[in-house]
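Asker: For reference, the structure I am asking about is given below.
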Amino acid sequence: MSSTLRNLALLPILALGACGSEAKSDLPPQPPMWVVSDADSEITLYPTLHILPKEVEWKSEELTQRLADAEEVWFEIMPGSETDPALQQTMMRLGMAPGSSLSAKLTEDEVAALKTAIEPMGMPFAAVDTMRPWLVSTLVSVGALTSKGFDPASGVEKQLQPMVAGKTIRALETAEGQMKMLASIPEDMQILMLKETLTELDDVIEEIREVANDWAVGDVDDLEDELIEEMKSEMPAAFEIMFTQRNTNWADQIEEEMKGSGTDFIAVGAGHLVGDDSVQEILKARGYTVKRL
């Protein structure tokens with residue numbers, strides 16, 4: 001999966017949901033879940049996909065019961081904050097580079113592909129050419145997904161929200177913080193992410209379907225390969241910013257929460273709960289009991 005499409009699957013500020021899928025198998029729906037516990041606290045860690053084909057079956061009795069038992073429910077960002085009008089201003093401030101030329105950093109074929117990609121959005125190329133690569137990657141990916149019939153209401157978090165109505169909702173970070181994080185990725189990595197995006201847009205449906213089907217049946221090994229392995233090996237600086245630093249920050253917050261008592265439920269992008277750098281592996285190394293359900 002290209003870096004930007006991976007971002008769309010992992011970051012709620014960028015995500016759209018999807019339509020159309022095929023089941024990976026006849027297994028019952030059971031996305032993976034982990035429980036972190038100590039003597040008087042229990043926190044369920046639930047991996048989400050911010051892009052999800054509607055037909056993928058994923059809700060289970062276990063999920064429903066754990067949501068019901070939770071005293072507090074955490075998401076990456078507060079629900080609805082991604083639509084704050086002020087965030088659009090932040091995007092322009094962090095994503096524009098007046099006086100620069102993005103096309104000067106691309107090949108002729110890549111410039112042609114970029115012009116084709118933005119055509120359905122009705123955006124003048126001159127405006128896009130002064131944007132930073134991370135923002136262009138985002139716009140191109142969102143445009144491609146929209147043109148293929150993706151539905152913004154089908155992501156996991158949006159479907160979880162009605163199930164936790166009336167509960168205390170908390171967030172691990174802010175939508176603005178996520179945007180600043182993307183903008184902080186080294187420029188050469190942003191260019192590489194854009195190049196990958198332009199060459200892999202045609203494969204977006206199949207890639208998202210594969211990830212969703214693996215997630216729905218709890219195939220953690222495949223999820224690790226699909227969501228983080230390529231970035232970890234080929235773009236370690238970007239991986240450090242997008243995953244390692246954030247996972248450590250979230251583990252710090254969870255550890256602070258564990259100092260109290262009670263039962264919480266935390267739903268975060270699936271890429272943060274797979275691999276050796278995952279949130280639960282960090283907590284396990286700190287001495288907490290971690291069990292996969």
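Letters A, B, ... mark the chains of the structure tokens in the order given; residue numbers begin at 1 per chain; ligand numbers begin at 1, in order shown.
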List the neighbours of segment 68-75 of chain A out to 9 Å using only C-alpha atoms; skip same-chain residues closer than 5 positions along the sequence, and give me the result as an MDAnalysis selection string.
Answerer: chainID A and resid 43:44 63 157 163:164 167:173 262:268
Asker: As a list of chain:residue names, which residues of segment 206-238 of chain A does DSSP assign to alpha helix (DSSP H)?
Answerer: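 Checking each residue of segment 206-238 of chain A, the alpha helix (DSSP H) ones are A:Glu206, A:Glu207, A:Ile208, A:Arg209, A:Glu210, A:Val211, A:Ala212, A:Asn213, A:Asp214, A:Trp215, A:Ala216, A:Val220, A:Asp221, A:Asp222, A:Leu223, A:Glu224, A:Glu230, A:Met231, A:Lys232, A:Ser233, A:Glu234, A:Pro236, A:Ala237, A:Ala238.
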Asker: Could you list, with a cut-off of 9 Å and counting only C-alpha atoms, the residues of segment 209-241 of chain A near segment 31-35 of chain A, each shown with its nearest atom pair and the distance in Å rounded to one decimal, rows sorted by chain and ascending number, as a tab-separated table?
Answerer:
residue	atom	partner	partner_atom	distance
A:Asp214	CA	A:Pro31	CA	8.4
A:Trp215	CA	A:Pro31	CA	5.4
A:Ala216	CA	A:Pro31	CA	4.7
A:Val217	CA	A:Pro31	CA	5.5
A:Gly218	CA	A:Pro31	CA	4.5
A:Asp219	CA	A:Pro32	CA	7.8
A:Val220	CA	A:Pro32	CA	7.4
Asker: Quote the spacing between atom CA of Ala39 of chain A and atom CA of Ser261 of chain A in Å to one decimal place.
Answerer: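 These atoms are spaced 8.5 Å apart.
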Asker: So which residues touch Trp134 of chain A within 10 Å, counting only C-alpha atoms, skipping near sequence neighbours fewer than 3 positions away, as a list of chain:residue names?
Answerer: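 Surrounding residues, per the criterion: A:Thr4, A:Leu94, A:Gly95, A:Met96, A:Met131, A:Ser137, A:Thr138, A:Leu139, A:Met179, A:Leu182, A:Ala183, A:Ser184, A:Ile185, A:Pro186, A:Glu187, A:Met189, A:Gln190, A:Ile191, A:Leu192, A:Met193, A:Leu194.
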Asker: Would you kindly return, as a list in words, each protein, DNA or RNA residue with an atom no farther than 7 Å from any atom of segment 230-244 of chain A, considering only C-alpha atoms and excluding same-chain residues fewer than 3 positions away?
Answerer: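 Returned residues: Met181, Ile185, Met189, Asn247, Thr248, His272 and Asp277 of chain A.
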Asker: Name all residues at most 10 Å from Ala126 of chain A (count only C-alpha atoms; drop same-chain ones fewer than 2 positions away) and give them as a PyMOL selection string.
Answerer: chain A and resi 101-103+123-124+128-131
Asker: Please dump the current selection as a PDB file, in the first residue's frame; keep N, CA and C atoms.
Answerer:
ATOM      1  N   SER A 101       7.894  25.365  -6.398  1.00  0.00           N
ATOM      2  CA  SER A 101       7.332  24.619  -7.524  1.00  0.00           C
ATOM      3  C   SER A 101       7.497  23.134  -7.265  1.00  0.00           C
ATOM      4  N   LEU A 102       6.389  22.483  -6.938  1.00  0.00           N
ATOM      5  CA  LEU A 102       6.430  21.049  -6.686  1.00  0.00           C
ATOM      6  C   LEU A 102       6.820  20.289  -7.948  1.00  0.00           C
ATOM      7  N   SER A 103       6.334  20.732  -9.108  1.00  0.00           N
ATOM      8  CA  SER A 103       6.596  20.012 -10.351  1.00  0.00           C
ATOM      9  C   SER A 103       8.079  19.966 -10.690  1.00  0.00           C
ATOM     10  N   MET A 123      -9.238  21.391  -9.623  1.00  0.00           N
ATOM     11  CA  MET A 123      -8.245  22.277  -9.023  1.00  0.00           C
ATOM     12  C   MET A 123      -7.236  22.719 -10.076  1.00  0.00           C
ATOM     13  N   PRO A 124      -6.945  24.012 -10.138  1.00  0.00           N
ATOM     14  CA  PRO A 124      -5.945  24.485 -11.101  1.00  0.00           C
ATOM     15  C   PRO A 124      -4.559  23.964 -10.724  1.00  0.00           C
ATOM     16  N   VAL A 128      -1.945  23.782  -7.102  1.00  0.00           N
ATOM     17  CA  VAL A 128      -1.378  22.548  -6.569  1.00  0.00           C
ATOM     18  C   VAL A 128       0.146  22.602  -6.587  1.00  0.00           C
ATOM     19  N   ASP A 129       0.687  23.250  -7.579  1.00  0.00           N
ATOM     20  CA  ASP A 129       2.141  23.295  -7.742  1.00  0.00           C
ATOM     21  C   ASP A 129       2.835  24.054  -6.614  1.00  0.00           C
ATOM     22  N   THR A 130       2.083  24.850  -5.862  1.00  0.00           N
ATOM     23  CA  THR A 130       2.687  25.593  -4.746  1.00  0.00           C
ATOM     24  C   THR A 130       2.394  24.942  -3.389  1.00  0.00           C
ATOM     25  N   MET A 131       1.844  23.735  -3.418  1.00  0.00           N
ATOM     26  CA  MET A 131       1.568  23.009  -2.183  1.00  0.00           C
ATOM     27  C   MET A 131       2.753  22.145  -1.801  1.00  0.00           C
TER      28      MET A 131
END
Asker: Could you pull out all residues of segment 72-256 of chain A with a DSSP call of strand (DSSP E) and give them as a list in words?
Answerer: Glu72, Val73, Trp74, Phe75, Thr168, Ile169, Arg170 and Ala171 of chain A
Asker: For the selection just defined, write its residues with C-alpha atoms to a file, as a PDB file, in the first residue's frame.
Answerer:
ATOM      1  CA  GLU A  72     -14.378   5.783  29.265  1.00  0.00           C
ATOM      2  CA  VAL A  73     -13.832   5.407  25.526  1.00  0.00           C
ATOM      3  CA  TRP A  74     -10.777   6.883  23.818  1.00  0.00           C
ATOM      4  CA  PHE A  75     -10.235   7.710  20.159  1.00  0.00           C
ATOM      5  CA  THR A 168     -17.142   9.765  28.663  1.00  0.00           C
ATOM      6  CA  ILE A 169     -15.114  10.265  25.459  1.00  0.00           C
ATOM      7  CA  ARG A 170     -11.434  11.151  25.491  1.00  0.00           C
ATOM      8  CA  ALA A 171      -8.745  11.606  22.853  1.00  0.00           C
TER       9      ALA A 171
END
Asker: Tell me, in Å to one decimal, how far atom CA of Lys59 of chain A is from atom CA of Val211 of chain A.
Answerer: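 A separation of 16.4 Å between them.
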Asker: Env of segment 197-200 of chain A: 12 Å cut, atoms = only C-alpha atoms, seq-sep filter 2 positions within chain, self excluded. Answer as a PyMOL selection string.
Answerer: chain A and resi 1-8+106-107+109-118+133-144+190-195+202-207
